[in-house]
Structures are given as structure tokens and as C-alpha cells.
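Visitor: Got a file for you: run-v2.cif, mmCIF, C-alpha atoms.
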data_work
loop_
_atom_site.label_atom_id
_atom_site.label_comp_id
_atom_site.auth_asym_id
_atom_site.auth_seq_id
_atom_site.Cartn_x
_atom_site.Cartn_y
_atom_site.Cartn_z
CA MET A 1 31.87 107.95 -65.68
CA LEU A 2 33.72 104.82 -64.61
CA ARG A 3 32.73 105.43 -60.97
CA ALA A 4 29.07 105.98 -61.89
CA HIS A 5 29.10 102.83 -64.00
CA SER A 6 30.59 100.85 -61.06
CA LEU A 7 27.92 102.13 -58.70
CA ARG A 8 25.14 101.14 -61.14
CA ALA A 9 26.71 97.70 -61.61
CA GLY A 10 26.95 97.25 -57.85
CA ARG A 11 23.31 98.13 -57.36
CA LEU A 12 22.29 95.75 -60.16
CA ALA A 13 24.33 92.92 -58.61
CA ALA A 14 22.67 93.51 -55.23
CA VAL A 15 19.20 93.40 -56.80
CA LEU A 16 20.02 90.18 -58.67
CA LEU A 17 21.40 88.58 -55.50
CA SER A 18 18.26 89.54 -53.61
CA LEU A 19 16.08 88.00 -56.32
CA ALA A 20 18.18 84.85 -56.31
CA CYS A 21 17.85 84.51 -52.54
CA SER A 22 14.10 84.88 -52.75
CA CYS A 23 13.89 82.15 -55.37
CA LEU A 24 16.50 79.72 -54.09
CA PRO A 25 15.86 78.37 -50.58
CA GLY A 26 19.53 77.50 -50.18
CA LEU A 27 20.52 81.16 -50.50
CA ALA A 28 17.66 82.60 -48.47
CA ALA A 29 17.98 83.21 -44.75
CA ALA A 30 16.42 80.32 -42.84
CA SER A 31 13.31 81.14 -40.85
CA PRO A 32 13.76 80.76 -37.08
CA PRO A 33 11.96 77.76 -35.54
CA PRO A 34 8.52 78.61 -34.14
CA ILE A 35 7.56 78.87 -30.50
CA PHE A 36 5.07 76.11 -29.67
CA VAL A 37 2.23 77.02 -27.29
CA LEU A 38 -0.16 74.27 -26.19
CA ASN A 39 -3.77 75.45 -25.82
CA SER A 40 -5.09 72.81 -23.43
CA LEU A 41 -8.80 73.71 -23.63
CA ASP A 42 -8.81 74.18 -27.42
CA ALA A 43 -7.00 70.96 -28.37
CA THR A 44 -4.67 73.05 -30.50
CA VAL A 45 -1.07 74.19 -30.73
CA SER A 46 -0.26 77.81 -31.59
CA LEU A 47 2.90 78.33 -33.64
CA ILE A 48 4.40 81.75 -32.88
CA ASP A 49 6.84 83.61 -35.13
CA PRO A 50 9.60 84.89 -32.77
CA THR A 51 10.48 87.70 -35.18
CA SER A 52 7.08 89.29 -35.84
CA TRP A 53 5.55 88.02 -32.56
CA THR A 54 2.42 86.84 -34.35
CA GLU A 55 0.62 83.51 -34.46
CA MET A 56 1.58 81.95 -37.79
CA ARG A 57 -1.04 79.21 -37.55
CA ARG A 58 -2.98 77.04 -35.12
CA VAL A 59 -2.80 73.26 -35.45
CA SER A 60 -5.40 70.79 -34.17
CA VAL A 61 -4.14 67.92 -31.99
CA GLY A 62 -5.77 65.55 -29.47
CA LYS A 63 -7.83 66.69 -26.48
CA GLU A 64 -6.08 68.52 -23.64
CA PRO A 65 -2.49 69.00 -24.80
CA HIS A 66 -0.58 70.02 -21.67
CA HIS A 67 3.14 69.30 -21.96
CA ILE A 68 5.78 69.02 -24.69
CA TYR A 69 9.17 67.29 -24.91
CA LEU A 70 11.95 66.88 -27.48
CA THR A 71 12.91 63.37 -28.61
CA PRO A 72 16.49 62.28 -27.86
CA ASP A 73 17.50 62.50 -31.55
CA GLN A 74 16.07 66.06 -31.69
CA ARG A 75 14.21 65.25 -34.90
CA SER A 76 10.77 65.48 -33.31
CA VAL A 77 9.04 67.30 -30.50
CA ILE A 78 6.18 65.47 -28.81
CA VAL A 79 2.92 67.06 -27.68
CA ALA A 80 1.15 64.87 -25.11
CA ASN A 81 -2.65 64.95 -25.46
CA SER A 82 -3.86 63.71 -22.08
CA ALA A 83 -7.61 63.40 -22.71
CA GLY A 84 -6.96 62.31 -26.29
CA ASP A 85 -4.78 59.36 -25.21
CA SER A 86 -2.25 60.23 -27.89
CA LEU A 87 1.10 61.80 -28.73
CA THR A 88 1.52 64.19 -31.65
CA PHE A 89 5.03 64.32 -33.15
CA PHE A 90 6.00 67.66 -34.75
CA ASP A 91 8.98 68.78 -36.79
CA PRO A 92 10.63 71.15 -34.27
CA LYS A 93 12.02 73.37 -37.05
CA THR A 94 8.84 73.92 -39.07
CA GLY A 95 5.90 72.97 -36.85
CA GLU A 96 4.61 70.41 -39.34
CA ILE A 97 2.96 67.28 -37.92
CA GLN A 98 5.05 64.15 -38.55
CA ARG A 99 2.84 61.45 -37.01
CA THR A 100 0.35 60.68 -34.24
CA VAL A 101 0.75 57.76 -31.83
CA ASN A 102 -2.52 56.59 -30.30
CA GLY A 103 -3.13 54.32 -27.32
CA ILE A 104 -0.90 56.23 -24.90
CA ILE A 105 -3.28 56.43 -21.94
CA ASP A 106 -3.69 59.87 -20.30
CA PRO A 107 -0.20 61.28 -20.99
CA TYR A 108 -0.46 64.45 -18.91
CA GLN A 109 3.28 64.84 -18.30
CA LEU A 110 6.13 63.19 -20.19
CA ARG A 111 9.89 62.85 -19.97
CA PHE A 112 12.73 60.87 -21.55
CA SER A 113 15.50 59.48 -19.38
CA PRO A 114 18.97 61.01 -19.97
CA ASP A 115 20.29 57.66 -21.30
CA MET A 116 17.52 57.81 -23.94
CA LYS A 117 16.25 54.29 -23.15
CA TRP A 118 13.09 55.11 -21.17
CA PHE A 119 10.01 57.28 -21.63
CA VAL A 120 7.83 58.03 -18.61
CA THR A 121 4.32 59.53 -18.52
CA ALA A 122 2.13 60.64 -15.61
CA ALA A 123 -1.60 59.94 -15.95
CA ASN A 124 -2.99 62.92 -14.06
CA ARG A 125 -6.61 61.87 -14.55
CA LEU A 126 -6.27 58.10 -14.08
CA ASN A 127 -3.75 57.90 -11.20
CA HIS A 128 -0.95 55.88 -12.71
CA VAL A 129 2.58 56.24 -14.08
CA ASP A 130 3.57 54.45 -17.30
CA ILE A 131 7.14 53.41 -18.06
CA TYR A 132 7.93 52.72 -21.71
CA ARG A 133 11.02 51.34 -23.41
CA TRP A 134 12.21 53.55 -26.27
CA ASP A 135 14.15 52.11 -29.22
CA GLY A 136 14.70 55.44 -30.92
CA SER A 137 11.40 55.38 -32.78
CA ASN A 138 8.78 53.24 -31.04
CA LEU A 139 7.38 52.92 -27.52
CA GLN A 140 6.81 49.63 -25.70
CA LEU A 141 4.99 49.68 -22.36
CA ALA A 142 7.15 48.04 -19.68
CA LYS A 143 4.94 48.66 -16.65
CA ARG A 144 1.91 50.63 -15.46
CA LEU A 145 2.24 51.63 -11.81
CA VAL A 146 -0.75 52.58 -9.67
CA THR A 147 0.19 55.70 -7.69
CA GLY A 148 -1.37 58.23 -5.34
CA LYS A 149 -4.04 60.70 -6.43
CA THR A 150 -3.35 62.83 -9.50
CA PRO A 151 0.28 62.25 -10.52
CA SER A 152 1.43 65.60 -11.84
CA HIS A 153 5.08 66.13 -12.81
CA ILE A 154 8.18 63.99 -13.36
CA TRP A 155 11.91 64.46 -12.81
CA ILE A 156 14.44 61.76 -13.81
CA ASP A 157 17.91 61.70 -12.27
CA SER A 158 21.09 61.99 -14.35
CA LYS A 159 21.82 58.25 -14.02
CA SER A 160 18.43 57.33 -15.51
CA THR A 161 17.67 55.09 -12.53
CA THR A 162 15.02 57.06 -10.61
CA ALA A 163 11.89 58.92 -11.68
CA TYR A 164 10.47 61.27 -9.05
CA VAL A 165 6.74 61.98 -9.45
CA SER A 166 4.55 64.42 -7.52
CA MET A 167 1.01 63.48 -6.44
CA GLN A 168 -1.04 66.64 -6.75
CA ASP A 169 -4.13 65.61 -4.77
CA SER A 170 -2.68 63.20 -2.20
CA ASP A 171 0.18 65.60 -1.36
CA GLU A 172 2.99 63.11 -1.89
CA LEU A 173 6.26 62.61 -3.71
CA ILE A 174 7.24 59.14 -4.89
CA ALA A 175 10.50 57.69 -6.19
CA VAL A 176 10.18 55.07 -8.93
CA ASP A 177 13.04 52.67 -9.65
CA ILE A 178 13.10 52.69 -13.46
CA PRO A 179 15.01 49.42 -14.18
CA THR A 180 12.66 47.36 -11.94
CA GLN A 181 9.58 49.56 -12.44
CA THR A 182 8.75 49.60 -8.73
CA ILE A 183 8.02 52.36 -6.22
CA ARG A 184 11.09 52.77 -4.01
CA TRP A 185 9.65 55.22 -1.46
CA ARG A 186 6.82 57.62 -0.80
CA THR A 187 6.87 60.78 1.32
CA ALA A 188 4.44 63.54 2.31
CA THR A 189 4.73 67.02 0.79
CA GLY A 190 3.10 70.40 1.23
CA PRO A 191 -0.22 71.21 -0.51
CA MET A 192 -0.65 70.35 -4.21
CA PRO A 193 2.91 69.49 -5.29
CA ALA A 194 3.54 70.12 -8.97
CA ASP A 195 6.78 70.40 -10.92
CA ILE A 196 10.10 68.94 -9.68
CA PHE A 197 13.66 70.07 -10.35
CA GLY A 198 16.89 68.35 -9.26
CA VAL A 199 20.06 70.18 -8.18
CA HIS A 200 23.32 69.45 -6.35
CA ASP A 201 24.18 66.37 -8.46
CA ASP A 202 20.79 64.72 -7.87
CA LYS A 203 21.08 65.10 -4.10
CA THR A 204 18.41 67.81 -3.73
CA LEU A 205 14.92 68.11 -5.18
CA LEU A 206 12.88 71.29 -5.50
CA VAL A 207 9.09 70.78 -5.55
CA GLY A 208 6.69 73.57 -6.46
CA LEU A 209 3.73 73.78 -4.08
CA THR A 210 0.79 75.05 -6.12
CA GLY A 211 -1.39 75.02 -3.02
CA GLY A 212 1.23 76.88 -0.98
CA GLU A 213 3.52 79.88 -1.22
CA GLY A 214 6.86 78.45 -2.21
CA VAL A 215 9.15 75.59 -3.16
CA GLN A 216 9.67 72.61 -0.87
CA VAL A 217 13.24 71.31 -0.62
CA PHE A 218 14.05 67.60 -0.17
CA ASP A 219 17.36 65.89 0.53
CA VAL A 220 17.29 62.65 -1.49
CA ALA A 221 20.96 61.69 -1.16
CA GLY A 222 20.23 58.83 1.27
CA ARG A 223 18.00 55.79 1.22
CA GLU A 224 15.05 57.79 2.56
CA PRO A 225 14.08 61.36 1.63
CA LYS A 226 14.34 64.19 4.14
CA ALA A 227 12.20 67.34 4.01
CA VAL A 228 14.62 70.25 4.47
CA GLY A 229 12.25 73.21 4.41
CA ILE A 230 10.28 75.58 2.20
CA LEU A 231 11.78 78.35 0.11
CA PRO A 232 9.29 81.26 -0.13
CA THR A 233 8.74 82.32 -3.73
CA GLY A 234 5.06 83.26 -4.08
CA LYS A 235 1.57 81.81 -4.04
CA GLY A 236 0.97 78.95 -6.44
CA ALA A 237 4.58 77.90 -7.10
CA HIS A 238 4.18 75.56 -10.04
CA ALA A 239 6.64 74.99 -12.92
CA PHE A 240 10.44 75.10 -13.27
CA ARG A 241 12.77 75.99 -16.15
CA ALA A 242 16.56 76.06 -15.91
CA ALA A 243 17.94 79.46 -16.90
CA GLY A 244 20.64 77.87 -19.06
CA ASP A 245 23.49 79.47 -17.11
CA GLY A 246 24.15 76.39 -14.97
CA LYS A 247 23.57 78.51 -11.87
CA THR A 248 19.89 79.38 -11.59
CA VAL A 249 16.38 78.08 -12.22
CA PHE A 250 13.06 79.87 -12.73
CA VAL A 251 9.84 78.92 -10.95
CA SER A 252 6.43 80.28 -11.93
CA ASN A 253 4.16 81.44 -9.10
CA ARG A 254 0.80 81.06 -10.78
CA VAL A 255 -1.37 82.77 -8.16
CA ALA A 256 1.10 85.53 -7.30
CA ASN A 257 1.57 86.36 -11.01
CA THR A 258 5.35 86.34 -10.66
CA ILE A 259 8.39 84.35 -11.75
CA SER A 260 11.18 83.79 -9.20
CA ARG A 261 14.81 83.04 -10.04
CA ILE A 262 16.50 80.64 -7.61
CA ASP A 263 20.25 80.30 -7.15
CA PHE A 264 21.42 76.65 -7.13
CA ALA A 265 24.24 77.15 -4.64
CA THR A 266 22.35 79.08 -1.97
CA LEU A 267 18.76 77.99 -2.74
CA LYS A 268 17.64 81.58 -2.38
CA VAL A 269 15.57 83.82 -4.64
CA VAL A 270 17.86 86.25 -6.46
CA ALA A 271 15.28 87.97 -8.71
CA ASN A 272 11.53 88.30 -9.29
CA TYR A 273 9.64 89.19 -12.46
CA ALA A 274 6.01 90.30 -12.74
CA VAL A 275 4.04 88.26 -15.29
CA PRO A 276 0.24 88.68 -15.39
CA GLY A 277 -2.45 86.15 -16.21
CA GLY A 278 -1.38 83.10 -14.20
CA PRO A 279 2.17 82.30 -15.42
CA ASP A 280 2.70 78.58 -15.94
CA CYS A 281 5.22 76.78 -18.17
CA MET A 282 8.36 78.52 -19.46
CA ASP A 283 11.16 78.35 -21.99
CA VAL A 284 14.30 80.46 -22.38
CA SER A 285 15.73 81.87 -25.63
CA ALA A 286 19.06 80.46 -26.79
CA ASP A 287 20.88 83.70 -25.94
CA GLY A 288 19.38 83.73 -22.45
CA LYS A 289 17.87 87.17 -22.94
CA ARG A 290 14.15 86.30 -23.10
CA LEU A 291 11.81 84.17 -21.03
CA TYR A 292 8.72 82.76 -22.75
CA VAL A 293 5.82 82.18 -20.33
CA THR A 294 2.29 80.88 -20.88
CA SER A 295 -0.20 83.16 -19.12
CA ARG A 296 -2.75 80.45 -18.40
CA TRP A 297 -5.77 82.58 -17.55
CA ALA A 298 -5.13 85.40 -20.02
CA LYS A 299 -4.92 83.28 -23.21
CA LYS A 300 -1.52 84.77 -24.06
CA LEU A 301 2.14 84.00 -24.46
CA SER A 302 4.11 86.47 -22.33
CA VAL A 303 7.69 87.42 -23.18
CA VAL A 304 9.97 88.77 -20.45
CA ASP A 305 13.16 90.72 -21.17
CA LEU A 306 15.58 89.14 -18.70
CA GLN A 307 18.05 92.01 -19.03
CA THR A 308 15.58 94.66 -17.90
CA GLY A 309 13.21 92.38 -15.99
CA GLN A 310 10.24 93.88 -17.83
CA LEU A 311 7.36 92.31 -19.72
CA MET A 312 8.11 93.11 -23.38
CA LYS A 313 5.37 91.29 -25.34
CA GLN A 314 2.10 89.43 -24.97
CA VAL A 315 0.89 87.37 -27.94
CA PRO A 316 -2.77 86.18 -28.08
CA VAL A 317 -3.13 82.39 -28.31
CA GLY A 318 -5.87 79.84 -27.52
CA LYS A 319 -7.73 78.85 -24.35
CA SER A 320 -5.73 77.89 -21.26
CA PRO A 321 -2.21 77.89 -22.78
CA HIS A 322 -0.02 75.48 -20.83
CA GLY A 323 3.17 74.05 -22.34
CA VAL A 324 5.59 76.29 -24.25
CA TRP A 325 8.75 75.30 -26.12
CA THR A 326 11.05 76.25 -28.97
CA LEU A 327 14.00 74.52 -30.56
CA ASP A 328 15.96 77.75 -30.34
CA HIS A 329 16.27 77.58 -26.55
CA ALA A 330 18.93 77.74 -23.86
CA ARG A 331 20.25 74.25 -23.16
#
As C-alpha cells - that is how I would like this structure written.
Guide:
Amino acid sequence: MLRAHSLRAGRLAAVLLSLACSCLPGLAAASPPPIFVLNSLDATVSLIDPTSWTEMRRVSVGKEPHHIYLTPDQRSVIVANSAGDSLTFFDPKTGEIQRTVNGIIDPYQLRFSPDMKWFVTAANRLNHVDIYRWDGSNLQLAKRLVTGKTPSHIWIDSKSTTAYVSMQDSDELIAVDIPTQTIRWRTATGPMPADIFGVHDDKTLLVGLTGGEGVQVFDVAGREPKAVGILPTGKGAHAFRAAGDGKTVFVSNRVANTISRIDFATLKVVANYAVPGGPDCMDVSADGKRLYVTSRWAKKLSVVDLQTGQLMKQVPVGKSPHGVWTLDHAR
């Protein structure tokens, strides 16, 4: 009888605890942060639940949201609306809109400097690069630089002194001196350069050639850049995402419908993953086990199991999904 009574009491306690957790947010398990997917042709952001793999809701923003970036204090994540000339600040944990900043002209790509003092945007449509001072909350335009045709992607070195920007339609790479807001040098690239990724302590740059079949390698250790060669990855090499292991980086091959993994030390491809629908931007789960990829032409978020190398999920989203990001990502 005593044992039966103890069992009933235990069950009752468990039920009461469950009810308490459902009523008291402090006791309930916190929901994981959503995966943000930017639907560039819908002017919306899809918020994906990483547990149920469903779209929780779709939020309207400015026209043509393409890229997304976390603020230095990690309290906001910024969606850049290029044709809407605005930035939408979201709560990275909940996906709620915090504020909208207007008057940011054609912010196609965006990046903060590592020292958290500068904010740089590339105006893909209007052929300029804007350098802003950042005081932790507000942006002040320091300089607008006229560039080559169609500035695409930005990489800022670890010292926060140089911003490298690719020129998609004039096939160039430029180096911008951030403190003086001047162009330091300009060099020719392969066809349609896109994203840029720095390795080897800022001495080497990788540039995705969307109009080619691989990644172009530049030595930027000296006063002038030197083209080293092209690393074959696949047609339409476009966007980069560090794997989070400090050893490798992913590049999406948009035309080949593959993702390649490049080793930093050897600058060779060590793995390939098939991802349909025009893979574009990527993020990596905090545990390094999943790769989130926007399938640009298929209107889906693709999820790759990095342990098996297989496509594990595809979640329907809006038109022309481009940027993807989640707070719960590999650093």
C-alpha cells in the first residue's frame, strides 16, 4: 500500500510540475531561436522552427531583402532591404521586429568591422560603397565611394583597416582603406566575382566566381595583390560560410547545385554535397552537424546532414530565398 501510494504521489507531482511549466515561462523550456530566411522577391522574411521544420510565420520588410548580419552587441540582427533603402532590425531570439532604419541607400550587402566601429554596405544597383561610423546604436555616413559596376560582396580584415569588395559586372576586386575611406587598389578577377573569404591571417583571399567554375585565390600580403590561381569547385561558385571548425569553409556552387568544403591549409576541396535548386547563402548549426542552405530557384530552405553528407530536409519558403541565418549557429 505504501509503495502504491508513493507511485500515485510521484505521478501527481509530475503532472503538477508539467502544468506549472506550461503556465510559468521561467520553468518552461525555452524555444530555440528561429532560422531567418530572406525572400528577396517577396519582400518578406520566413521564420523557420528548427524543431518542427515548419514556417512559423512570414514577416514583411522592405523591397529586396538579400543579406543579414548580427549587430556587435548581439541584441539585433539586421536585414538589409536593398530596393527598399532600409534596414530592418529583428530580435534574433524571437524574430520580432525591433525597428526600421530608413535612408540607407541600396544596402545589398552589409558587414560590421571586427572592432565594431564601422559598418560597410555595397550598393549593388547604384555602384557605390558606403562606410558608416557605428556608435553601438546609430549609423553616421562617413563616405560614399564610387566603385566599379555592381559591387557585390564585402570582406573586412581582422584589423578593421581594409574592406575588400567584389565588382560583379566589371570583374574586379577593390581594397578600401577604412580609416581614410579611399580605394587603395583595384585588380582584375575572373567572371562575375561574388563572395569573399579571408584565410591565412588575412594574407589570402578566396573569391567565388559566379560566372566561372571555381574560387579565385589572391595573395594580398603585399602592397599589391597577386592572383595565385583558381580552385575548381563547380559552376557558379558564389557564397562562403566558415564551417566553425577553424579548418574549413563551405562555398555554394549555384549552377552546379553543389556545396564544396575547402581546407584552409591546403586550399583543396575535401568534400562535396549535392543541394538542388540553386544553393546560395548558408549557415551552420551550433553543433556543426547541419548546414542550412537557401535553394534560390526552388523557393526552399535546404538542410544538409554534415555527418552523412545527405540532404535531410527541404522547407518551403518565399520567392528567391537568399540570406539565411540563425542565432544558434557555429561561431
Visitor: Mind checking which residues fall within 9 Å of Phe119 of chain A, counting all atoms listed in the file, ignoring those fewer than 6 positions away in the same chain, and posting them as a short mmCIF file (atom, residue, chain, number, x, y, z; two decimals) with C-alpha atoms, in the frame of the given file?
Guide:
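Heads up, here's the output in part11.cif:
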data_model
loop_
_atom_site.label_atom_id
_atom_site.label_comp_id
_atom_site.auth_asym_id
_atom_site.auth_seq_id
_atom_site.Cartn_x
_atom_site.Cartn_y
_atom_site.Cartn_z
CA LEU A 110 6.13 63.19 -20.19
CA ARG A 111 9.89 62.85 -19.97
CA PHE A 112 12.73 60.87 -21.55
CA SER A 113 15.50 59.48 -19.38
CA ASP A 130 3.57 54.45 -17.30
CA ILE A 131 7.14 53.41 -18.06
CA TYR A 132 7.93 52.72 -21.71
CA ARG A 133 11.02 51.34 -23.41
CA TRP A 134 12.21 53.55 -26.27
CA LEU A 139 7.38 52.92 -27.52
#
Visitor: Report as a list of chain:residue names the residues that result from applying the PyMOL selection byres ((chain A and resi 325) around 7) to the structure here.
Guide: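 What the PyMOL selection byres ((chain A and resi 325) around 7) grabs from the file is A:Ile35, A:Phe36, A:Val37, A:Asp283, A:Gly323, A:Val324, A:Thr326, A:Leu327.
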Visitor: Given the point (8.6, 50.9, -6.9) in the file's coordinates, find the residues that have an atom at most 10 Å from it, counting only C-alpha atoms, and give them as a PDB file with C-alpha atoms, in the coordinates of the input.
Guide:
ATOM      1  CA  LEU A 145       2.240  51.630 -11.810  1.00  0.00           C
ATOM      2  CA  VAL A 146      -0.750  52.580  -9.670  1.00  0.00           C
ATOM      3  CA  THR A 147       0.190  55.700  -7.690  1.00  0.00           C
ATOM      4  CA  THR A 162      15.020  57.060 -10.610  1.00  0.00           C
ATOM      5  CA  ALA A 163      11.890  58.920 -11.680  1.00  0.00           C
ATOM      6  CA  ILE A 174       7.240  59.140  -4.890  1.00  0.00           C
ATOM      7  CA  ALA A 175      10.500  57.690  -6.190  1.00  0.00           C
ATOM      8  CA  VAL A 176      10.180  55.070  -8.930  1.00  0.00           C
ATOM      9  CA  ASP A 177      13.040  52.670  -9.650  1.00  0.00           C
ATOM     10  CA  ILE A 178      13.100  52.690 -13.460  1.00  0.00           C
ATOM     11  CA  PRO A 179      15.010  49.420 -14.180  1.00  0.00           C
ATOM     12  CA  THR A 180      12.660  47.360 -11.940  1.00  0.00           C
ATOM     13  CA  GLN A 181       9.580  49.560 -12.440  1.00  0.00           C
ATOM     14  CA  THR A 182       8.750  49.600  -8.730  1.00  0.00           C
ATOM     15  CA  ILE A 183       8.020  52.360  -6.220  1.00  0.00           C
ATOM     16  CA  ARG A 184      11.090  52.770  -4.010  1.00  0.00           C
ATOM     17  CA  TRP A 185       9.650  55.220  -1.460  1.00  0.00           C
ATOM     18  CA  ARG A 186       6.820  57.620  -0.800  1.00  0.00           C
TER      19      ARG A 186
END
Visitor: If the PyMOL selection byres ((chain A and resi 137) around 12) is run on the structure shown, which residues does it catch, given as a list in words?
Guide: Thr71, Pro72, Asp73, Gln74, Arg75, Ser76, Phe89, Arg99, Val101, Met116, Lys117, Trp118, Phe119, Tyr132, Arg133, Trp134, Asp135, Gly136, Asn138, Leu139 and Gln140 of chain A
Visitor: Can you work out the spacing between atom CA of Phe90 of chain A and atom CA of Lys63 of chain A in Å, to one decimal?
Guide: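 It comes out at 16.1 Å.
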Visitor: Enter the distance from atom CA of Leu126 of chain A to atom CA of Thr44 of chain A, in Å, rounded to one decimal.
Guide: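 We find that atom CA of Leu126 of chain A and atom CA of Thr44 of chain A lie 22.3 Å from each other.
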Visitor: For atom CA of Ala298 of chain A and atom CA of Gly214 of chain A, determine how far apart the two atoms are, in Å to one decimal place.
Guide: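 A separation of 22.6 Å between them.
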Visitor: Find the spatial neighbours of segment 239-241 of chain A, counting all atoms listed in the file, within a cut-off of 12 Å - ignore same-chain residues fewer than 3 positions away - and output them as a PyMOL selection string.
Guide: chain A and resi 67+109+152-155+193-199+205-210+214-215+233+236+244-254+258-262+278-285+288+291-294+322-325+329-331
Visitor: Using all atoms listed in the file, can you tell me which of A:Ala256, A:Ala227, A:Ile78, A:Ile97 comes closest to Val275 of chain A?
Guide: A:Ala256
Visitor: Taking all atoms listed in the file into account, which of A:Thr187, A:Asn127, A:Ser46, A:Ser52 comes nearest Gly95 of chain A?
Guide: A:Ser46
Visitor: Here is a test: counting all atoms listed in the file, which residue of A:Pro321, A:Gly222, A:Gly211, A:Pro316 is nearest to Val45 of chain A?
Guide: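 Distance minimum relative to Val45 of chain A lands on A:Pro321.
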Visitor: Go through A:Asp115, A:Leu173, A:Ala123, A:Val61 and flag the residue nearest Thr100 of chain A, using all atoms listed in the file for the distances.
Guide: A:Val61
Visitor: Starting from the displayed file, determine the output of the PyMOL selection byres ((chain A and resi 308) around 12) and express the residue list as a list in words.
Guide: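 Those residues are Ala271, Asn272, Tyr273, Ala274, Lys289, Arg290, Leu291, Val303, Val304, Asp305, Leu306, Gln307, Gly309, Gln310, Leu311 and Met312 of chain A.
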Visitor: Just checking: using all atoms listed in the file, which residue out of A:Thr54, A:Ser31, A:Thr88, A:Ser166 ends up closest to Leu301 of chain A?
Guide: A:Thr54
Visitor: Using all atoms listed in the file, which of A:Met167, A:Val270, A:Ala237, A:Val77 sits nearest Asp91 of chain A?
Guide: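 Under the stated criterion, the closest residue is A:Val77.
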Visitor: Skip Ala43 of chain A itself and residues of its chain fewer than 3 positions away, then list as a list in words all residues within 7 Å of it, counting all atoms listed in the file.
Guide: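 Contacts, in chain order: Asn39, Ser40, Ser60, Val61, Gly62, Lys63, Glu64 and Pro65 of chain A.
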